[in-house]
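Structure, as C-alpha cells:
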Number of protein chains: 2
Amino acid sequence: MKIIENPSRETWAELLQRPTQSVKDIEETVNEIFSEIRQKGDWAVTKYTNLFDGVSLQMLKVSENEIKEATTLVDSELVAAIETAKKNIESFHKAQKTEKITVETAPGVQCWMEKRPIEKVGLYIPGGSAPLFSTILMLAIPARLAGCKEIVLCTPPNKDGSINPAILYTAKLCGVTQIFKVGGIQAIGAMTFGTESIPQVFKIFGPGNQFVTVAKQLATKYQVAIDMPAGPSELMIFADETANPSFLASDLLSQAEHGPDSQVLLVTTSMNIAKMVQNEIKVQVEVLERKNIANQSINNSKILVLEDDETALEVINDYGPEHLIIVSKNEDFFVSNLSNAGSVFLGNYTPESAGDYASGTNHTLPTNGYAKQYSGVNLDSFMKSMTFQKITEKGIQNIGNAIERMAEAEGLQAHKNAVTLRLNYLKD
Amino acid sequence: MKIIENPSRETWAELLQRPTQSVKDIEETVNEIFSEIRQKGDWAVTKYTNLFDGVSLQMLKVSENEIKEATTLVDSELVAAIETAKKNIESFHKAQKTEKITVETAPGVQCWMEKRPIEKVGLYIPGGSAPLFSTILMLAIPARLAGCKEIVLCTPPNKDGSINPAILYTAKLCGVTQIFKVGGIQAIGAMTFGTESIPQVFKIFGPGNQFVTVAKQLATKYQVAIDMPAGPSELMIFADETANPSFLASDLLSQAEHGPDSQVLLVTTSMNIAKMVQNEIKVQVEVLERKNIANQSINNSKILVLEDDETALEVINDYGPEHLIIVSKNEDFFVSNLSNAGSVFLGNYTPESAGDYASGTNHTLPTNGYAKQYSGVNLDSFMKSMTFQKITEKGIQNIGNAIERMAEAEGLQAHKNAVTLRLNYLKD
C-alpha cells in the first residue's frame with residue numbers, strides 16, 4: 001500500500017476515485033436474454049443455465065427432498081454458528097419495526113402512515129467458489145420479519161446440478177418459500193418477468209457479478225424494484241495512534257480478499273501507524289489462501305496520512321465508504337459528524353467480519369459512494385409506506401377553503417369542485 | 001364511463017391494464033442532452049432552455065430580488081391557504097421522525113441504526129399551464145425537516161424569463177436554498193452532473209412529463225438516486241351504496257382533468273351507484289374548464305360492478321392504485337386487508353383533493369402499480385439509514401467463534417483471520 005502524506009485538497013477526488021466500469025456491451029447481452037425469457041420462459045432459462053453453468057437441468061425448482069438431504073450434510077459447528085448469527089440478525093432487525101404514525105393535522109382531519117410488506121420478493125445468491133449463505137441470513141430474515149408472503153431464492157447450480165447444502169439449509173431455516181437453480185442474468189430475468197415455474201416478484205435483492213448488477217439495473221425498466229445499485233466492495237479505515245496495526249492489517253486484508261477490484265483505504269493521522277500497517281500487511285498476506293487476489297487489491301490501495309481529525313472526517317464524507325472502521329480516541333467526534341457511510345465499526349475489537357456475519361447488522365450495503373443517498377438493506381427495504389386519511393364533515397369545513405384556493409391557483413377546477421360540492425352539501 | 005358487470009377473473013389483467021409508453025426515442029434525446037451538459041455545463045443548459053422554452057437567459061439562478069418581488073405578488077388568500085397546508089404537512093411529516101434504534105444483540109455487541117439526511121437534494125417542479133407550487137410544499141417541507149443542507153429547485157421559465165410568483169413564494173417559505181430557471185431534460189442533467197452555476201445533487205425528486213421521467217430514470221446510471229419511477233396519475237374508487245354518487249363523480253373528474261392519459265376507475269358492489277355516478281359525470285363535466293381533457297380520460301375509464309367486497313379487494317390489490325378512495329360500510333375490512341395502494345382516502349368527506357393539497361399527507365405517490373413495492377415520498381425519502389456497531393473484548397469472545405466458522409465455510413480466510421488475531425491477542 002502506498003503512503004501519501006497530506007495530499008492537497010485538489011488531489012482528493014483523484015485519490016479517492018473508484019474504478020469505473022463499462023457496461024455497454026453487457027447491456028446488449030442482458031437485453032437479448034431478457035427478451036428470450038419473456039417469450040420462452042423456462043425453456044430460455046434452461047438454455048442459458050446449460051450455456052453459462054454447463055449443466056442441463058430437468059427441474060429448475062429445488063425439491064423438498066434435496067432440501068431435507070442438505071440439512072443432514074451441514075456440520076453441527078456450522079449449524080450452531082448460523083443459529084448464533086440468525087438470533088443476532090433477528091433481534092437487530094425486529095427492533096426496526098415501526099408503529100403506525102397517526103396525526104390529527106387539523107380538527108377532523110385524521111392522517112396516518114403504515115408500513116405493509118412487499119408481497120413477493122426475490123433474493124439472488126451468487127454461486128462460484130464461495131457459497132454465500134450469510135447473504136441469505138441478511139435478506140431472508142428481514143423479508144420474513146416484514147411479512148413478505150413469497151420469498152423466492154435463485155442461485156446458480158454447480159456443474160453436477162446441485163446446490164451447496166449450506167445454502168439450502170440456511171434458506172429453509174430463514175423461511176425462503178421457493179428455491180430455484182438459476183444464476184446470472186437469467187435468474188434476474190426470470191424473477192422480473194416470471195416463467196412457468198419461477199414466479200414474478202416485485203423487488204429483487206442481493207449481490208452479484210457485473211452481469212447480475214447490470215441485469216438488476218435494466219430490470220427496473222420492467223416494473224420491478226431493486227435493493228440498490230451495486231459495485232465492488234469497499235473498506236475505509238480511520239485510525240489514530242490508539243489503533244492496533246496488526247488488527248487493522250487483518251481488516252484491510254479481509255476486504256482485499258473479496259476480489260482484485262475491492263477498494264481498501266486507510267486514513268490516519270499517524271505516520272507511525274501508516275508504516276506499521278504497511279509492514280503488517282506484507283507479513284499477513286503471505287499466509288492467505290487468496291493471497292494473489294488480496295495482493296492485487298492491496299497494490300491498488302492507498303494509505304492517506306492527514307494532519308488532523310477534521311480533515312480525515314472530510315475525506316471520509318467525500319468518499320462515502322460502504323464499510324468504515326474507526327479506531328480513534330475521538331470516536332465521538334466521528335460518530336456525531338459522519339454524513340456518508342454504509343456501516344460503521346468502532347474500536348479495536350470490532351472487525352468488519354463481525355458485521356459481515358454475526359453481530360446482527362446487515363451486510364448488504366451501498367458501495368461506490370451510494371452511501372450518500374442509499375440506506376443499506378434493513379427491515380424497511382421489504383416494506384412500503386402507505387398513507388391513509390379520514391376527514392369528518394367538520395374536518396372538510398376546516399381545510400376546505402385552503403384546498404379550493406390552492407386548486408384554483410393551480411388551474412385545477414375539478415379539484416376545487418370536489419371540495420365545493422361537499423361544502424355546499426353541508427351548508428344545506 | 002363504461003360499466004362492466006362481474007367480469008371473469010381472466011379478464012381482470014386486461015381491464016386493469018395501464019397504457020404502455022414507448023420511451024426508446026426519448027432515451028436517445030436524453031443521452032444527447034446529458035452528454036452535452038457534461039461537457040459544456042451552463043452553456044448547454046442555456047442552449048436547450050432557448051430551444052425548448054423559447055427564452056434566452058442571462059442568469060440561470062433566480063435572484064434574491066426576484067424572490068422578494070414575487071412574495072408581494074401572491075394574494076393574501078392564497079398565502080393563507082399555503083400557510084394552512086404547510087402547517088398540516090409539517091405536522092404529519094414531523095411525526096415521521098424515528099429515533100435511533102439500539103440493540104445489544106449479544107453481551108458486549110452493541111448495534112445501532114440511525115438516519116441521517118441526504119446532504120444535497122434536487123426538486124423538479126414542472127412549468128406549463130399550471131404552476132405546481134403544491135408540489136414544492138410536498139418536497140421541500142420534508143427535505144427541510146430531514147435536515148438536507150442543500151435543497152436545489154429547478155423549474156422551467158415562462159416565455160418572458162420569469163417564474164410564477166406562487167412558485168418562488170412557496171420555495172422561499174419552505175427553505176429551498178437555490179432556485180434555477182431550468183426545465184425538462186436539461187434540468188435533470190444539470191442536477192445530475194452539476195454545472196458552473198447549478199450544483200450536483202445526490203437525489204432528485206418531483207414529477208414531470210415523459211421527457212423528465214425518462215431523464216430521471218437514465219440519471220440513475222450516474223450516481224444520482226430518484227424518488228421513484230413515474231407514470232400518469234391514477235385514481236381508483238371503491239364505493240358501495242353508502243356513497244354519495246355526486247361526490248364520487250367530482251373525485252373521478254378531479255383526477256381526469258390532470259391529462260388525457262389519467263387513469264380513473266370505479267369499483268363498486270352496487271349497480272345503482274354505478275349508474276348514478278355515470279350520469280353525474282355527464283352533468284358535472286359540462287361546466288369544467290378542462291372539459292376536453294377530462295372527457296378524453298373519462299372515455300377510457302371503466303366502472304366495474306363486482307359481486308362482493310372480497311372480490312373488490314382482490315381487484316384493488318391487483319391494480320395497486322396511486323390514489324384509492326373507499327366509501328364503504330365495511331371500511332375496516334378494506335383498511336385491514338389492503339396490500340397495495342399509495343394513499344387511501346376514507347369516507348364521503350375525504351376527497352383526493354384534500355391529500356393533493358392540504359390535509360398533511362404527501363401527494364408524491366407511486367403510480368403505474370408501483371405501490372406494490374414503492375412508498376410515496378415521506379420524511380425517510382430524504383434520509384438514509386446508517387448502522388453502527390461497537391464490540392467489546394468480551395463481545396468478540398462471545399461471537400468470534402461463529403464468525404470464524406462461517407467465514408471458513410464461505411472460503412474467506414482473511415475474514416476469519418481478522419477475528420482469530422483478536423481472539424489470540426486476548427488469550428495472551
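Residues in the C-alpha cells are named by chain (A, B, ... in the order shown) and by number from 1 within that chain; ligands are numbered from 1 in the order shown.
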
Considering only C-alpha atoms, tabulate each residue of segment 317-380 of chain A that lies at most 12 Å from segment 147-170 of chain B along with its nearest interatomic pair and the corresponding distance in Å to one decimal; arrange the rows by chain and ascending residue number and present them as a tab-separated table.
```
residue	atom	partner	partner_atom	distance
A:Ser339	CA	B:Cys148	CA	10.8
A:Lys372	CA	B:Cys148	CA	11.5
A:Gln373	CA	B:Cys148	CA	11.1
```

Item to check | helix (DSSP H, G or I) positions in segment 32-140 of chain B, given as a PyMOL selection string | outcome: chain B and resi 32-40+42-53+64-73+76-94+133-140

Skipping near chain neighbours, those fewer than 3 positions away, what residues fall within 7 Å of Phe247 of chain A using only C-alpha atoms, listed as a PDB file with all heavy atoms, in the first residue's frame?
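That gives us out_39.pdb:
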```
ATOM      1  N   ASN A 244      -4.506  -0.787  16.956  1.00  0.00           N
ATOM      2  CA  ASN A 244      -3.593  -1.922  16.884  1.00  0.00           C
ATOM      3  C   ASN A 244      -3.310  -2.208  15.399  1.00  0.00           C
ATOM      4  O   ASN A 244      -4.198  -2.652  14.670  1.00  0.00           O
ATOM      5  CB  ASN A 244      -4.257  -3.124  17.554  1.00  0.00           C
ATOM      6  CG  ASN A 244      -3.372  -4.364  17.510  1.00  0.00           C
ATOM      7  OD1 ASN A 244      -2.725  -4.628  16.499  1.00  0.00           O
ATOM      8  ND2 ASN A 244      -3.359  -5.115  18.593  1.00  0.00           N
ATOM      9  N   SER A 250      -5.281  -6.905   9.313  1.00  0.00           N
ATOM     10  CA  SER A 250      -6.151  -8.065   9.075  1.00  0.00           C
ATOM     11  C   SER A 250      -7.504  -7.634   8.498  1.00  0.00           C
ATOM     12  O   SER A 250      -8.091  -8.334   7.678  1.00  0.00           O
ATOM     13  CB  SER A 250      -6.338  -8.868  10.368  1.00  0.00           C
ATOM     14  OG  SER A 250      -7.221  -8.209  11.259  1.00  0.00           O
ATOM     15  N   ASP A 251      -7.981  -6.459   8.929  1.00  0.00           N
ATOM     16  CA  ASP A 251      -9.256  -5.971   8.396  1.00  0.00           C
ATOM     17  C   ASP A 251      -9.116  -5.552   6.933  1.00  0.00           C
ATOM     18  O   ASP A 251      -9.977  -5.854   6.102  1.00  0.00           O
ATOM     19  CB  ASP A 251      -9.747  -4.779   9.223  1.00  0.00           C
ATOM     20  CG  ASP A 251     -10.102  -5.172  10.653  1.00  0.00           C
ATOM     21  OD1 ASP A 251     -10.626  -6.296  10.831  1.00  0.00           O
ATOM     22  OD2 ASP A 251      -9.844  -4.386  11.580  1.00  0.00           O
TER      23      ASP A 251
ATOM     24  N   ALA B 418      -9.168 -12.016  10.745  1.00  0.00           N
ATOM     25  CA  ALA B 418      -9.388 -10.749  11.433  1.00  0.00           C
ATOM     26  C   ALA B 418      -9.956 -10.992  12.828  1.00  0.00           C
ATOM     27  O   ALA B 418      -9.703 -10.224  13.763  1.00  0.00           O
ATOM     28  CB  ALA B 418     -10.325  -9.849  10.613  1.00  0.00           C
ATOM     29  N   LEU B 421      -7.023 -13.331  15.045  1.00  0.00           N
ATOM     30  CA  LEU B 421      -5.952 -12.466  15.544  1.00  0.00           C
ATOM     31  C   LEU B 421      -6.365 -11.788  16.845  1.00  0.00           C
ATOM     32  O   LEU B 421      -5.611 -11.722  17.810  1.00  0.00           O
ATOM     33  CB  LEU B 421      -5.716 -11.387  14.482  1.00  0.00           C
ATOM     34  CG  LEU B 421      -4.308 -10.893  14.266  1.00  0.00           C
ATOM     35  CD1 LEU B 421      -3.517 -11.967  13.541  1.00  0.00           C
ATOM     36  CD2 LEU B 421      -4.348  -9.630  13.399  1.00  0.00           C
ATOM     37  N   ARG B 422      -7.587 -11.288  16.876  1.00  0.00           N
ATOM     38  CA  ARG B 422      -8.066 -10.589  18.081  1.00  0.00           C
ATOM     39  C   ARG B 422      -8.291 -11.579  19.232  1.00  0.00           C
ATOM     40  O   ARG B 422      -7.945 -11.301  20.378  1.00  0.00           O
ATOM     41  CB  ARG B 422      -9.358  -9.830  17.757  1.00  0.00           C
ATOM     42  CG  ARG B 422      -9.090  -8.558  16.930  1.00  0.00           C
ATOM     43  CD  ARG B 422     -10.364  -8.038  16.283  1.00  0.00           C
ATOM     44  NE  ARG B 422     -10.255  -6.678  15.760  1.00  0.00           N
ATOM     45  CZ  ARG B 422     -10.023  -6.368  14.482  1.00  0.00           C
ATOM     46  NH1 ARG B 422      -9.833  -7.316  13.595  1.00  0.00           N
ATOM     47  NH2 ARG B 422      -9.963  -5.099  14.091  1.00  0.00           N
TER      48      ARG B 422
END
```

Item to check | Close residues, segment 302-319 of chain A itself excluded, 9 Å, only C-alpha atoms, min 6 positions apart in chain, as an NGL selection string | outcome: :A and (1-7 or 12-13 or 15-17 or 236 or 238 or 240 or 264-271 or 274 or 278 or 330 or 333-334 or 337-341 or 368-369 or 371-372)

Next on the checklist: Just want the 9 Å neighbourhood of Lys87 of chain A, counted on only C-alpha atoms, with same-chain residues fewer than 6 positions away dropped. Output as a PyMOL selection string.
Outcome noted: (chain A and resi 358+360) or (chain B and resi 105)

Could you save the residues just selected, with N, CA, C and O atoms, as a PDB file, in the first residue's frame?
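See again07.pdb below for the written result:
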```pdb
ATOM      1  N   ALA A 358     -22.219 -11.941  11.836  1.00  0.00           N
ATOM      2  CA  ALA A 358     -22.925 -12.427  13.024  1.00  0.00           C
ATOM      3  C   ALA A 358     -23.290 -11.393  14.081  1.00  0.00           C
ATOM      4  O   ALA A 358     -23.943 -11.728  15.064  1.00  0.00           O
ATOM      5  N   GLY A 360     -25.295  -8.840  13.857  1.00  0.00           N
ATOM      6  CA  GLY A 360     -26.714  -8.515  13.800  1.00  0.00           C
ATOM      7  C   GLY A 360     -27.054  -7.460  12.755  1.00  0.00           C
ATOM      8  O   GLY A 360     -28.173  -7.401  12.258  1.00  0.00           O
TER       9      GLY A 360
ATOM     10  N   THR B 105     -27.118  -7.056  20.767  1.00  0.00           N
ATOM     11  CA  THR B 105     -27.567  -8.325  20.197  1.00  0.00           C
ATOM     12  C   THR B 105     -26.990  -9.518  20.957  1.00  0.00           C
ATOM     13  O   THR B 105     -27.612 -10.568  21.024  1.00  0.00           O
TER      14      THR B 105
END
```

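Note that atom CA of Phe193 of chain A and atom CA of Gln39 of chain A are 9.6 Å apart.
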
Checklist entry - Do you know which residues are at most 12 Å from segment 126-130 of chain B counting only C-alpha atoms, after dropping those on the same chain fewer than 5 positions away, and could you put them as a PyMOL selection string? => result (chain A and resi 406-413) or (chain B and resi 52-53+135-136+153-159+162-164+166-167+181-185+187-188+205-213+257-259+290)

Item to check | Neighbour list for Phe388 of chain A as JSON, numbers by chain, cut-off 6 Å, only C-alpha atoms, skip fewer than 2 positions in-chain | outcome: {"A": [111, 112], "B": [343, 344, 345]}

Selection from above, C-alpha atoms, as a PDB file, in the first residue's frame, can you write it?
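As a result, selection_28.pdb now contains:
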```pdb
ATOM      1  CA  CYS A 111     -53.915  11.175   8.773  1.00  0.00           C
ATOM      2  CA  TRP A 112     -51.831   8.075   9.306  1.00  0.00           C
TER       3      TRP A 112
ATOM      4  CA  SER B 343     -52.577   6.880  -0.458  1.00  0.00           C
ATOM      5  CA  VAL B 344     -56.020   5.923   0.828  1.00  0.00           C
ATOM      6  CA  PHE B 345     -58.981   8.281   1.359  1.00  0.00           C
TER       7      PHE B 345
END
```
